[in-house]
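Colleague: query-v7.cif is reproduced in full below (mmCIF, C-alpha atoms and all ligand atoms; chains and numbers go by the auth columns).
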data_model
loop_
_atom_site.group_PDB
_atom_site.id
_atom_site.type_symbol
_atom_site.label_atom_id
_atom_site.label_comp_id
_atom_site.label_asym_id
_atom_site.label_seq_id
_atom_site.Cartn_x
_atom_site.Cartn_y
_atom_site.Cartn_z
_atom_site.B_iso_or_equiv
_atom_site.auth_seq_id
_atom_site.auth_asym_id
ATOM 1 C CA MET A 1 7.098 -12.496 -3.877 0.00 628 A
ATOM 2 C CA ALA A 2 8.060 -9.865 -1.277 0.00 629 A
ATOM 3 C CA ILE A 3 10.216 -6.955 -2.433 0.00 630 A
ATOM 4 C CA GLU A 4 11.846 -4.808 0.247 0.00 631 A
ATOM 5 C CA CYS A 5 12.427 -1.187 -0.828 0.00 632 A
ATOM 6 C CA LYS A 6 15.689 -0.477 0.979 0.00 633 A
ATOM 7 C CA HIS A 7 16.398 3.062 -0.200 0.00 634 A
ATOM 8 C CA PRO A 8 18.259 5.118 2.459 0.00 635 A
ATOM 9 C CA LEU A 9 15.586 7.853 2.437 0.00 636 A
ATOM 10 C CA ILE A 10 12.895 5.247 3.047 0.00 637 A
ATOM 11 C CA GLN A 11 14.859 3.598 5.841 0.00 638 A
ATOM 12 C CA THR A 12 15.556 6.877 7.669 0.00 639 A
ATOM 13 C CA LYS A 13 11.934 8.028 7.421 0.00 640 A
ATOM 14 C CA LEU A 14 10.731 4.610 8.590 0.00 641 A
ATOM 15 C CA SER A 15 12.899 4.845 11.705 0.00 642 A
ATOM 16 C CA ILE A 16 11.209 8.175 12.503 0.00 643 A
ATOM 17 C CA MET A 17 7.874 6.363 12.298 0.00 644 A
ATOM 18 C CA ARG A 18 9.054 3.550 14.573 0.00 645 A
ATOM 19 C CA ASP A 19 9.962 6.019 17.342 0.00 646 A
ATOM 20 C CA LYS A 20 7.117 6.106 19.862 0.00 647 A
ATOM 21 C CA LYS A 21 7.960 9.765 20.591 0.00 648 A
ATOM 22 C CA THR A 22 7.122 10.806 17.002 0.00 649 A
ATOM 23 C CA SER A 23 3.994 12.973 16.806 0.00 650 A
ATOM 24 C CA SER A 24 0.945 12.007 14.782 0.00 651 A
ATOM 25 C CA LYS A 25 1.712 14.880 12.390 0.00 652 A
ATOM 26 C CA GLU A 26 5.277 13.728 11.710 0.00 653 A
ATOM 27 C CA PHE A 27 4.107 10.107 11.498 0.00 654 A
ATOM 28 C CA ARG A 28 1.591 11.032 8.770 0.00 655 A
ATOM 29 C CA GLU A 29 4.108 13.169 6.896 0.00 656 A
ATOM 30 C CA SER A 30 6.721 10.395 6.905 0.00 657 A
ATOM 31 C CA LEU A 31 4.161 7.841 5.735 0.00 658 A
ATOM 32 C CA THR A 32 3.104 10.097 2.867 0.00 659 A
ATOM 33 C CA GLU A 33 6.729 10.666 1.848 0.00 660 A
ATOM 34 C CA ILE A 34 7.568 6.956 1.986 0.00 661 A
ATOM 35 C CA GLY A 35 4.451 6.246 -0.096 0.00 662 A
ATOM 36 C CA SER A 36 5.821 8.571 -2.784 0.00 663 A
ATOM 37 C CA LEU A 37 9.365 7.199 -2.589 0.00 664 A
ATOM 38 C CA MET A 38 8.219 3.578 -2.844 0.00 665 A
ATOM 39 C CA CYS A 39 6.470 4.348 -6.149 0.00 666 A
ATOM 40 C CA TYR A 40 9.844 4.317 -7.858 0.00 667 A
ATOM 41 C CA LYS A 41 10.098 0.572 -7.139 0.00 668 A
ATOM 42 C CA VAL A 42 6.427 -0.426 -7.172 0.00 669 A
ATOM 43 C CA PHE A 43 5.813 0.987 -10.655 0.00 670 A
ATOM 44 C CA GLU A 44 9.215 0.500 -12.273 0.00 671 A
ATOM 45 C CA ASP A 45 7.904 -2.161 -14.679 0.00 672 A
ATOM 46 C CA LEU A 46 4.826 -0.305 -15.931 0.00 673 A
ATOM 47 C CA GLU A 47 4.382 -0.181 -19.677 0.00 674 A
ATOM 48 C CA VAL A 48 4.770 3.289 -21.217 0.00 675 A
ATOM 49 C CA VAL A 49 3.188 4.165 -24.566 0.00 676 A
ATOM 50 C CA ASP A 50 3.478 7.113 -26.955 0.00 677 A
ATOM 51 C CA GLY A 51 0.650 9.648 -26.860 0.00 678 A
ATOM 52 C CA GLU A 52 0.158 12.809 -28.914 0.00 679 A
ATOM 53 C CA ASN A 53 3.200 14.818 -29.964 0.00 680 A
ATOM 54 C CA ILE A 54 4.601 17.583 -27.779 0.00 681 A
ATOM 55 C CA VAL A 55 6.993 20.358 -28.851 0.00 682 A
ATOM 56 C CA THR A 56 9.942 21.243 -26.619 0.00 683 A
ATOM 57 C CA PRO A 57 11.282 24.825 -26.206 0.00 684 A
ATOM 58 C CA THR A 58 14.008 23.866 -28.716 0.00 685 A
ATOM 59 C CA ASN A 59 11.278 22.994 -31.246 0.00 686 A
ATOM 60 C CA ALA A 60 11.943 19.276 -31.127 0.00 687 A
ATOM 61 C CA VAL A 61 8.831 17.164 -31.616 0.00 688 A
ATOM 62 C CA LEU A 62 8.437 14.149 -29.353 0.00 689 A
ATOM 63 C CA PRO A 63 5.604 11.805 -28.438 0.00 690 A
ATOM 64 C CA LYS A 64 4.193 12.388 -24.975 0.00 691 A
ATOM 65 C CA LYS A 65 4.907 9.393 -22.734 0.00 692 A
ATOM 66 C CA GLU A 66 1.856 7.924 -21.025 0.00 693 A
ATOM 67 C CA LEU A 67 1.152 4.896 -18.842 0.00 694 A
ATOM 68 C CA ALA A 68 -0.505 2.089 -20.793 0.00 695 A
ATOM 69 C CA ASN A 69 -2.643 0.895 -17.866 0.00 696 A
ATOM 70 C CA HIS A 70 -5.241 2.607 -15.748 0.00 697 A
ATOM 71 C CA ILE A 71 -4.252 2.518 -12.092 0.00 698 A
ATOM 72 C CA VAL A 72 -6.683 2.039 -9.225 0.00 699 A
ATOM 73 C CA LEU A 73 -5.400 2.636 -5.708 0.00 700 A
ATOM 74 C CA ALA A 74 -7.266 0.580 -3.112 0.00 701 A
ATOM 75 C CA PRO A 75 -6.390 1.548 0.469 0.00 702 A
ATOM 76 C CA ILE A 76 -7.634 -0.681 3.293 0.00 703 A
ATOM 77 C CA LEU A 77 -9.369 1.540 5.853 0.00 704 A
ATOM 78 C CA ARG A 78 -8.308 3.061 8.039 0.00 705 A
ATOM 79 C CA ALA A 79 -4.508 2.920 7.958 0.00 706 A
ATOM 80 C CA GLY A 80 -4.231 2.585 4.176 0.00 707 A
ATOM 81 C CA LEU A 81 -5.645 6.108 3.879 0.00 708 A
ATOM 82 C CA GLY A 82 -2.450 7.420 5.456 0.00 709 A
ATOM 83 C CA MET A 83 -0.330 6.062 2.606 0.00 710 A
ATOM 84 C CA VAL A 84 -2.567 6.840 -0.345 0.00 711 A
ATOM 85 C CA ASP A 85 -1.789 10.567 -0.727 0.00 712 A
ATOM 86 C CA GLY A 86 1.915 9.892 -1.200 0.00 713 A
ATOM 87 C CA VAL A 87 1.166 7.418 -3.979 0.00 714 A
ATOM 88 C CA ARG A 88 -1.457 9.655 -5.551 0.00 715 A
ATOM 89 C CA ASN A 89 1.015 12.540 -5.655 0.00 716 A
ATOM 90 C CA MET A 90 3.091 10.416 -8.055 0.00 717 A
ATOM 91 C CA LEU A 91 0.053 9.140 -9.989 0.00 718 A
ATOM 92 C CA PRO A 92 -2.368 12.058 -10.135 0.00 719 A
ATOM 93 C CA THR A 93 -4.651 10.312 -12.638 0.00 720 A
ATOM 94 C CA ALA A 94 -5.057 7.173 -10.507 0.00 721 A
ATOM 95 C CA ARG A 95 -8.611 6.435 -9.431 0.00 722 A
ATOM 96 C CA ILE A 96 -9.236 5.598 -5.782 0.00 723 A
ATOM 97 C CA GLY A 97 -11.323 2.822 -4.229 0.00 724 A
ATOM 98 C CA HIS A 98 -11.879 2.038 -0.563 0.00 725 A
ATOM 99 C CA ILE A 99 -11.914 -1.261 1.280 0.00 726 A
ATOM 100 C CA GLY A 100 -13.295 -1.120 4.812 0.00 727 A
ATOM 101 C CA MET A 101 -11.738 -3.854 6.916 0.00 728 A
ATOM 102 C CA TYR A 102 -10.987 -4.215 10.616 0.00 729 A
ATOM 103 C CA ARG A 103 -9.504 -7.160 12.441 0.00 730 A
ATOM 104 C CA ASP A 104 -11.161 -8.409 15.600 0.00 731 A
ATOM 105 C CA GLU A 105 -8.719 -7.644 18.424 0.00 732 A
ATOM 106 C CA GLU A 106 -9.306 -11.052 20.086 0.00 733 A
ATOM 107 C CA THR A 107 -9.527 -13.454 17.150 0.00 734 A
ATOM 108 C CA LEU A 108 -7.469 -11.331 14.676 0.00 735 A
ATOM 109 C CA ILE A 109 -10.032 -12.314 12.022 0.00 736 A
ATOM 110 C CA PRO A 110 -10.706 -9.495 9.502 0.00 737 A
ATOM 111 C CA HIS A 111 -14.238 -8.200 8.921 0.00 738 A
ATOM 112 C CA GLU A 112 -15.185 -6.352 5.748 0.00 739 A
ATOM 113 C CA TYR A 113 -17.578 -3.423 6.294 0.00 740 A
ATOM 114 C CA TYR A 114 -17.218 -1.446 3.051 0.00 741 A
ATOM 115 C CA PHE A 115 -16.080 -2.059 -0.507 0.00 742 A
ATOM 116 C CA LYS A 116 -16.102 0.309 -3.443 0.00 743 A
ATOM 117 C CA LEU A 117 -13.721 0.332 -6.386 0.00 744 A
ATOM 118 C CA PRO A 118 -14.079 2.606 -9.424 0.00 745 A
ATOM 119 C CA GLU A 119 -15.278 0.837 -12.551 0.00 746 A
ATOM 120 C CA VAL A 120 -12.278 0.947 -14.863 0.00 747 A
ATOM 121 C CA ASP A 121 -11.382 -1.303 -17.808 0.00 748 A
ATOM 122 C CA ASN A 122 -8.589 -3.735 -17.028 0.00 749 A
ATOM 123 C CA PRO A 123 -6.798 -1.652 -14.350 0.00 750 A
ATOM 124 C CA LEU A 124 -3.752 -2.392 -12.260 0.00 751 A
ATOM 125 C CA VAL A 125 -5.181 -2.448 -8.732 0.00 752 A
ATOM 126 C CA VAL A 126 -2.701 -1.423 -6.041 0.00 753 A
ATOM 127 C CA LEU A 127 -3.846 -2.602 -2.623 0.00 754 A
ATOM 128 C CA ILE A 128 -2.435 -0.267 0.039 0.00 755 A
ATOM 129 C CA ASP A 129 -2.098 -0.918 3.774 0.00 756 A
ATOM 130 C CA PRO A 130 0.955 0.045 5.847 0.00 757 A
ATOM 131 C CA MET A 131 0.768 -3.047 8.064 0.00 758 A
ATOM 132 C CA LEU A 132 0.972 -6.690 6.928 0.00 759 A
ATOM 133 C CA ALA A 133 0.738 -8.644 10.197 0.00 760 A
ATOM 134 C CA THR A 134 -1.041 -12.049 10.129 0.00 761 A
ATOM 135 C CA GLY A 135 -1.965 -11.417 6.491 0.00 762 A
ATOM 136 C CA GLY A 136 -5.661 -11.991 7.185 0.00 763 A
ATOM 137 C CA SER A 137 -6.741 -8.477 6.130 0.00 764 A
ATOM 138 C CA ALA A 138 -4.628 -8.494 2.953 0.00 765 A
ATOM 139 C CA VAL A 139 -5.924 -11.904 1.828 0.00 766 A
ATOM 140 C CA ALA A 140 -9.546 -10.932 2.596 0.00 767 A
ATOM 141 C CA ALA A 141 -9.079 -7.691 0.628 0.00 768 A
ATOM 142 C CA ILE A 142 -7.530 -9.543 -2.329 0.00 769 A
ATOM 143 C CA ASP A 143 -10.394 -12.089 -2.214 0.00 770 A
ATOM 144 C CA ALA A 144 -12.862 -9.189 -2.357 0.00 771 A
ATOM 145 C CA ILE A 145 -11.046 -7.471 -5.255 0.00 772 A
ATOM 146 C CA LYS A 146 -10.830 -10.712 -7.260 0.00 773 A
ATOM 147 C CA LYS A 147 -14.530 -11.471 -6.628 0.00 774 A
ATOM 148 C CA ARG A 148 -15.301 -8.245 -8.567 0.00 775 A
ATOM 149 C CA GLY A 149 -13.284 -9.510 -11.543 0.00 776 A
ATOM 150 C CA TYR A 150 -10.017 -7.589 -11.102 0.00 777 A
ATOM 151 C CA ASN A 151 -6.983 -9.804 -11.535 0.00 778 A
ATOM 152 C CA ASN A 152 -4.016 -7.485 -12.055 0.00 779 A
ATOM 153 C CA ILE A 153 -3.163 -6.720 -8.424 0.00 780 A
ATOM 154 C CA ARG A 154 -0.083 -5.775 -6.434 0.00 781 A
ATOM 155 C CA PHE A 155 0.172 -5.018 -2.731 0.00 782 A
ATOM 156 C CA MET A 156 2.005 -2.058 -1.245 0.00 783 A
ATOM 157 C CA CYS A 157 2.685 -1.960 2.488 0.00 784 A
ATOM 158 C CA LEU A 158 5.196 -0.395 4.838 0.00 785 A
ATOM 159 C CA VAL A 159 6.117 -2.985 7.449 0.00 786 A
ATOM 160 C CA ALA A 160 5.569 -6.691 6.817 0.00 787 A
ATOM 161 C CA ALA A 161 5.854 -9.642 9.207 0.00 788 A
ATOM 162 C CA PRO A 162 7.293 -12.856 7.737 0.00 789 A
ATOM 163 C CA GLU A 163 4.148 -14.684 8.922 0.00 790 A
ATOM 164 C CA GLY A 164 1.908 -12.358 6.919 0.00 791 A
ATOM 165 C CA ILE A 165 4.075 -12.512 3.821 0.00 792 A
ATOM 166 C CA LYS A 166 3.824 -16.313 3.881 0.00 793 A
ATOM 167 C CA VAL A 167 0.021 -16.235 4.250 0.00 794 A
ATOM 168 C CA VAL A 168 -0.366 -13.874 1.270 0.00 795 A
ATOM 169 C CA GLU A 169 2.189 -15.788 -0.812 0.00 796 A
ATOM 170 C CA ASP A 170 0.504 -19.127 -0.093 0.00 797 A
ATOM 171 C CA ALA A 171 -2.904 -17.747 -1.088 0.00 798 A
ATOM 172 C CA TYR A 172 -1.757 -15.630 -4.028 0.00 799 A
ATOM 173 C CA PRO A 173 1.759 -16.540 -5.198 0.00 800 A
ATOM 174 C CA GLU A 174 1.369 -14.332 -8.298 0.00 801 A
ATOM 175 C CA ILE A 175 0.835 -11.116 -6.330 0.00 802 A
ATOM 176 C CA LYS A 176 3.926 -8.996 -5.675 0.00 803 A
ATOM 177 C CA ILE A 177 4.212 -7.549 -2.152 0.00 804 A
ATOM 178 C CA TYR A 178 6.235 -4.322 -1.872 0.00 805 A
ATOM 179 C CA CYS A 179 7.284 -3.158 1.583 0.00 806 A
ATOM 180 C CA ALA A 180 9.776 -0.809 3.232 0.00 807 A
ATOM 181 C CA ALA A 181 10.858 -3.418 5.784 0.00 808 A
ATOM 182 C CA ILE A 182 10.403 -7.088 6.582 0.00 809 A
ATOM 183 C CA ASP A 183 10.362 -7.189 10.371 0.00 810 A
ATOM 184 C CA GLU A 184 11.184 -9.996 12.770 0.00 811 A
ATOM 185 C CA LYS A 185 7.917 -11.601 13.855 0.00 812 A
ATOM 186 C CA LEU A 186 4.470 -11.126 15.417 0.00 813 A
ATOM 187 C CA ASN A 187 3.883 -10.883 19.155 0.00 814 A
ATOM 188 C CA GLU A 188 1.156 -12.843 20.965 0.00 815 A
ATOM 189 C CA HIS A 189 -1.380 -10.083 20.186 0.00 816 A
ATOM 190 C CA GLY A 190 -0.691 -10.149 16.448 0.00 817 A
ATOM 191 C CA TYR A 191 1.408 -6.962 16.490 0.00 818 A
ATOM 192 C CA ILE A 192 4.543 -6.698 14.409 0.00 819 A
ATOM 193 C CA LEU A 193 7.919 -6.680 16.212 0.00 820 A
ATOM 194 C CA PRO A 194 9.725 -4.345 16.261 0.00 821 A
ATOM 195 C CA GLY A 195 7.011 -2.685 14.128 0.00 822 A
ATOM 196 C CA LEU A 196 5.653 0.761 14.884 0.00 823 A
ATOM 197 C CA GLY A 197 2.561 0.084 16.979 0.00 824 A
ATOM 198 C CA ASP A 198 -0.998 0.562 15.762 0.00 825 A
ATOM 199 C CA ALA A 199 -0.694 2.457 12.488 0.00 826 A
ATOM 200 C CA GLY A 200 -4.362 3.530 12.368 0.00 827 A
ATOM 201 C CA ASP A 201 -4.248 4.945 15.899 0.00 828 A
ATOM 202 C CA ARG A 202 -1.002 6.803 15.222 0.00 829 A
ATOM 203 C CA ILE A 203 -2.257 8.281 11.925 0.00 830 A
ATOM 204 C CA PHE A 204 -5.603 9.409 13.307 0.00 831 A
ATOM 205 C CA GLY A 205 -4.590 10.053 16.927 0.00 832 A
ATOM 206 C CA THR A 206 -7.270 7.741 18.296 0.00 833 A
ATOM 207 C CA LYS A 207 -5.154 6.571 21.241 0.00 834 A
HETATM 208 C C1 LIG B . -4.519 -2.991 10.866 0.00 901 B
HETATM 209 C C2 LIG B . -3.711 -2.708 9.610 0.00 901 B
HETATM 210 C C3 LIG B . -4.135 -3.814 8.701 0.00 901 B
HETATM 211 C C4 LIG B . -4.351 -4.962 9.645 0.00 901 B
HETATM 212 C C5 LIG B . -3.150 -5.868 9.558 0.00 901 B
HETATM 213 O O1 LIG B . -5.798 -2.525 10.707 0.00 901 B
HETATM 214 O O2 LIG B . -3.927 -1.436 9.071 0.00 901 B
HETATM 215 O O3 LIG B . -5.316 -3.526 7.968 0.00 901 B
HETATM 216 O O4 LIG B . -4.448 -4.405 10.967 0.00 901 B
HETATM 217 O O5 LIG B . -3.331 -6.984 10.338 0.00 901 B
HETATM 218 P P1 LIG B . -3.453 -8.450 9.751 0.00 901 B
HETATM 219 O O6 LIG B . -2.390 -8.613 8.727 0.00 901 B
HETATM 220 O O7 LIG B . -3.232 -9.312 10.970 0.00 901 B
HETATM 221 O O8 LIG B . -4.838 -8.630 9.185 0.00 901 B
HETATM 222 P P2 LIG B . -6.918 -2.651 11.846 0.00 901 B
HETATM 223 O O9 LIG B . -7.719 -3.894 11.623 0.00 901 B
HETATM 224 O O10 LIG B . -6.316 -2.460 13.197 0.00 901 B
HETATM 225 O O11 LIG B . -7.898 -1.481 11.479 0.00 901 B
HETATM 226 P P3 LIG B . -7.667 0.102 11.468 0.00 901 B
HETATM 227 O O12 LIG B . -6.790 0.404 10.281 0.00 901 B
HETATM 228 O O13 LIG B . -9.046 0.623 11.301 0.00 901 B
HETATM 229 O O14 LIG B . -7.029 0.500 12.777 0.00 901 B
HETATM 230 N N1 LIG B . -1.861 -3.523 12.752 0.00 902 B
HETATM 231 C C1 LIG B . -1.091 -2.474 13.164 0.00 902 B
HETATM 232 O O1 LIG B . -1.490 -1.305 13.021 0.00 902 B
HETATM 233 N N2 LIG B . 0.105 -2.748 13.710 0.00 902 B
HETATM 234 C C2 LIG B . 0.558 -4.003 13.867 0.00 902 B
HETATM 235 O O2 LIG B . 1.678 -4.173 14.381 0.00 902 B
HETATM 236 C C3 LIG B . -0.261 -5.078 13.449 0.00 902 B
HETATM 237 C C4 LIG B . -1.456 -4.795 12.885 0.00 902 B
#
Translate the structure described by the file into C-alpha cells.
Ligand code: PRP
Ligand code: URA
Modeller:
Amino acid sequence: MAIECKHPLIQTKLSIMRDKKTSSKEFRESLTEIGSLMCYKVFEDLEVVDGENIVTPTNAVLPKKELANHIVLAPILRAGLGMVDGVRNMLPTARIGHIGMYRDEETLIPHEYYFKLPEVDNPLVVLIDPMLATGGSAVAAIDAIKKRGYNNIRFMCLVAAPEGIKVVEDAYPEIKIYCAAIDEKLNEHGYILPGLGDAGDRIFGTK
C-alpha cells in the first residue's frame, strides 16, 4: 500500500527540491526537514507503553510514555543517507543500519555492495531511500533485510513512480510505502518524471 504524505509543509519543501536551481545545501536541508515531517505519518500507528513514573512541576505523577518497539533505520546508500538525519531527529534512540546498493545505469539492475543492520530483538525496520523509480533497489533491499530474519518492515521514500510502487507491492503486498509524492511515470532512462533528478548527485554534489 502506498501512502502519500500530502501535508502543505511537505509539498512546499518538495517543490524547492524539484527546482533545478536549488543548491545542494538547500536540497539537503529540505530533505532533512521533510524526513522529520513525514515521521508524523510514518509512525502514527506505533504502540506506546507506560514506563517509569515521572513527576510534573505541578507534582502530578504520570507514567513516562515510551515506544514499545525498537526502531532500526536502514538507509539505502547513497541517497538514503540524506533523509536519515531528519528521521533520526524525531527518533533519537533509533539504531542505524546501512544498505549499499547502486543501480547499473544501462540495465537499471541493482547491485548490493554493503549490508549491515544492528542486531536488535524484533525491531521495526524502516527502509529509507528518497527515490522509488523502477523499484528494483527497494525490492533487492527488502529481500536482503528479510534474508537476515527481519519481517516488520516499512519503506519511507520521497518521490515514487507508479511503476516502482507496483513492483514493490507485487513483491511485498504487506509492506507499507510512505512517500511525499507519487509522480507521473519513468522516462526511458529510468528517471522519475517530473521527479527531481539524481538525488544522490544533488545531495553530495557529485555532478
Ligand atoms: C538511486 C536511488 C535509489 C535507486 C532508485 O540510487 O537513490 O536507490 O536509484 O532506482 P530504482 O527504483 O530504479 O532501483 P542510485 O542507484 O543512483 O545510487 P546512488 O544513491 O549511490 O546515487
Ligand atoms: N534515482 C534518482 O536519483 N532519481 C531518479 O529519478 C531515479 C532514480
Colleague: What does the distance from CA of Glu660 in chain A to CA of Leu636 in chain A come to in Å, to one decimal?
Modeller: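 Atom-to-atom, CA of Glu660 in chain A and CA of Leu636 in chain A are spaced 9.3 Å apart.
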Colleague: If you measure from CA of Gly724 in chain A to CA of Ala787 in chain A, what distance in Å do you get, rounded to one decimal?
Modeller: 22.3 Å
Colleague: Quick one: apply the PyMOL selection byres (((not hetatm)) within 9 of (chain B and resi 902)) to the file and drop the selected residues here as a list of chain:residue names.
Modeller: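 That expression, the PyMOL selection byres (((not hetatm)) within 9 of (chain B and resi 902)), corresponds here to A:Ala706, A:Arg730, A:Pro757, A:Met758, A:Leu759, A:Ala760, A:Thr761, A:Val786, A:Ala787, A:Ala788, A:Leu813, A:Asn814, A:His816, A:Gly817, A:Tyr818, A:Ile819, A:Leu820, A:Pro821, A:Gly822, A:Leu823, A:Gly824, A:Asp825, A:Ala826, A:Gly827, A:Asp828, A:Arg829.
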Colleague: Kindly export the residues of the current selection with C-alpha atoms, as a PDB file, keeping the file's coordinate frame.
Modeller:
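Full text of result_14.pdb as output:
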ATOM      1  CA  ALA A 706      -4.508   2.920   7.958  1.00  0.00           C
ATOM      2  CA  ARG A 730      -9.504  -7.160  12.441  1.00  0.00           C
ATOM      3  CA  PRO A 757       0.955   0.045   5.847  1.00  0.00           C
ATOM      4  CA  MET A 758       0.768  -3.047   8.064  1.00  0.00           C
ATOM      5  CA  LEU A 759       0.972  -6.690   6.928  1.00  0.00           C
ATOM      6  CA  ALA A 760       0.738  -8.644  10.197  1.00  0.00           C
ATOM      7  CA  THR A 761      -1.041 -12.049  10.129  1.00  0.00           C
ATOM      8  CA  VAL A 786       6.117  -2.985   7.449  1.00  0.00           C
ATOM      9  CA  ALA A 787       5.569  -6.691   6.817  1.00  0.00           C
ATOM     10  CA  ALA A 788       5.854  -9.642   9.207  1.00  0.00           C
ATOM     11  CA  LEU A 813       4.470 -11.126  15.417  1.00  0.00           C
ATOM     12  CA  ASN A 814       3.883 -10.883  19.155  1.00  0.00           C
ATOM     13  CA  HIS A 816      -1.380 -10.083  20.186  1.00  0.00           C
ATOM     14  CA  GLY A 817      -0.691 -10.149  16.448  1.00  0.00           C
ATOM     15  CA  TYR A 818       1.408  -6.962  16.490  1.00  0.00           C
ATOM     16  CA  ILE A 819       4.543  -6.698  14.409  1.00  0.00           C
ATOM     17  CA  LEU A 820       7.919  -6.680  16.212  1.00  0.00           C
ATOM     18  CA  PRO A 821       9.725  -4.345  16.261  1.00  0.00           C
ATOM     19  CA  GLY A 822       7.011  -2.685  14.128  1.00  0.00           C
ATOM     20  CA  LEU A 823       5.653   0.761  14.884  1.00  0.00           C
ATOM     21  CA  GLY A 824       2.561   0.084  16.979  1.00  0.00           C
ATOM     22  CA  ASP A 825      -0.998   0.562  15.762  1.00  0.00           C
ATOM     23  CA  ALA A 826      -0.694   2.457  12.488  1.00  0.00           C
ATOM     24  CA  GLY A 827      -4.362   3.530  12.368  1.00  0.00           C
ATOM     25  CA  ASP A 828      -4.248   4.945  15.899  1.00  0.00           C
ATOM     26  CA  ARG A 829      -1.002   6.803  15.222  1.00  0.00           C
TER      27      ARG A 829
END
Colleague: From the list A:Arg655, A:Lys774, A:Lys812, A:His738, which residue is nearest ligand LIG 901 (chain B) when using only C-alpha atoms and all ligand atoms?
Modeller: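 With only C-alpha atoms and all ligand atoms as the atom set, the closest residue is A:His738.
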Colleague: Measuring atom to atom with only C-alpha atoms, identify which of A:Gly791, A:Pro635, A:Gly662, A:Pro719 is nearest to Leu694 in chain A.
Modeller: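 Nearest candidate to Leu694 in chain A out of A:Gly791, A:Pro635, A:Gly662, A:Pro719: A:Pro719.
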Colleague: Contacts of Val699 in chain A at 12 Å or less, counting all atoms listed in the file, minus same-chain residues fewer than 5 places along, as a PDB file with C-alpha atoms, keeping the file's coordinate frame?
Modeller:
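This is the output file out11.pdb:
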ATOM      1  CA  VAL A 711      -2.567   6.840  -0.345  1.00  0.00           C
ATOM      2  CA  VAL A 714       1.166   7.418  -3.979  1.00  0.00           C
ATOM      3  CA  ARG A 715      -1.457   9.655  -5.551  1.00  0.00           C
ATOM      4  CA  LEU A 718       0.053   9.140  -9.989  1.00  0.00           C
ATOM      5  CA  PRO A 719      -2.368  12.058 -10.135  1.00  0.00           C
ATOM      6  CA  THR A 720      -4.651  10.312 -12.638  1.00  0.00           C
ATOM      7  CA  ALA A 721      -5.057   7.173 -10.507  1.00  0.00           C
ATOM      8  CA  ARG A 722      -8.611   6.435  -9.431  1.00  0.00           C
ATOM      9  CA  ILE A 723      -9.236   5.598  -5.782  1.00  0.00           C
ATOM     10  CA  GLY A 724     -11.323   2.822  -4.229  1.00  0.00           C
ATOM     11  CA  HIS A 725     -11.879   2.038  -0.563  1.00  0.00           C
ATOM     12  CA  LYS A 743     -16.102   0.309  -3.443  1.00  0.00           C
ATOM     13  CA  LEU A 744     -13.721   0.332  -6.386  1.00  0.00           C
ATOM     14  CA  PRO A 745     -14.079   2.606  -9.424  1.00  0.00           C
ATOM     15  CA  GLU A 746     -15.278   0.837 -12.551  1.00  0.00           C
ATOM     16  CA  VAL A 747     -12.278   0.947 -14.863  1.00  0.00           C
ATOM     17  CA  ASP A 748     -11.382  -1.303 -17.808  1.00  0.00           C
ATOM     18  CA  ASN A 749      -8.589  -3.735 -17.028  1.00  0.00           C
ATOM     19  CA  PRO A 750      -6.798  -1.652 -14.350  1.00  0.00           C
ATOM     20  CA  LEU A 751      -3.752  -2.392 -12.260  1.00  0.00           C
ATOM     21  CA  VAL A 752      -5.181  -2.448  -8.732  1.00  0.00           C
ATOM     22  CA  VAL A 753      -2.701  -1.423  -6.041  1.00  0.00           C
ATOM     23  CA  LEU A 754      -3.846  -2.602  -2.623  1.00  0.00           C
ATOM     24  CA  ILE A 755      -2.435  -0.267   0.039  1.00  0.00           C
ATOM     25  CA  ILE A 772     -11.046  -7.471  -5.255  1.00  0.00           C
ATOM     26  CA  TYR A 777     -10.017  -7.589 -11.102  1.00  0.00           C
ATOM     27  CA  ASN A 779      -4.016  -7.485 -12.055  1.00  0.00           C
ATOM     28  CA  ILE A 780      -3.163  -6.720  -8.424  1.00  0.00           C
ATOM     29  CA  ARG A 781      -0.083  -5.775  -6.434  1.00  0.00           C
ATOM     30  CA  PHE A 782       0.172  -5.018  -2.731  1.00  0.00           C
TER      31      PHE A 782
END
Colleague: Using only C-alpha atoms, can you tell me which of A:Asp756, A:Asp810, A:Glu674, A:Glu693 comes closest to Arg645 in chain A?
Modeller: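 Closest to Arg645 in chain A of all the choices is A:Asp810.
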Colleague: Applied to this file, what does the PyMOL selection byres (((chain A and resi 767) around 12) and not hetatm) return in terms of residues, put as a PyMOL selection string?
Modeller: chain A and resi 703+726-730+736-740+742+754+761-766+768-774+794-795+798-799
Colleague: Of the candidates A:Lys803, A:Ala808, A:Arg705, A:Asn778, which shows the shortest atom-to-atom distance to ligand LIG 901 (chain B), using all atoms listed in the file?
Modeller: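 So, comparing all the options, the nearest one is A:Arg705.
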Colleague: Enter the distance from CA of Val675 in chain A to CA of Lys691 in chain A, in Å, rounded to one decimal.
Modeller: 9.9 Å
Colleague: Once the PyMOL selection byres (((chain A and resi 664) around 10) and not hetatm) is applied to the coordinates I shared, what remains selected? I want it as a PyMOL selection string.
Modeller: chain A and resi 632+634+636-637+658-663+665-669+713-714+717+807
Colleague: Taking into account all atoms listed in the file, which residue in the set A:Ala695, A:Met710, A:Cys784, A:Leu689 is nearest to Phe654 in chain A?
Modeller: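 Going through A:Ala695, A:Met710, A:Cys784, A:Leu689 one by one, the smallest distance to Phe654 in chain A is for A:Met710.
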Colleague: For a quick check of understanding, using only C-alpha atoms and all ligand atoms, which of A:Gly776, A:Lys793, A:Asp731, A:Tyr741 has the smallest distance to ligand LIG 901 (chain B)?
Modeller: A:Asp731
Colleague: Would you place a box with edges along x, y and z of the file around all atoms of ligand LIG 901 (chain B) listed there, add 6 Å to each of its six sides, and report the centre and edge lengths in Å to one decimal, as AutoDock Vina command-line options?
Modeller:
--center_x -5.7 --center_y -4.3 --center_z 10.6 --size_x 18.7 --size_y 21.9 --size_z 17.2
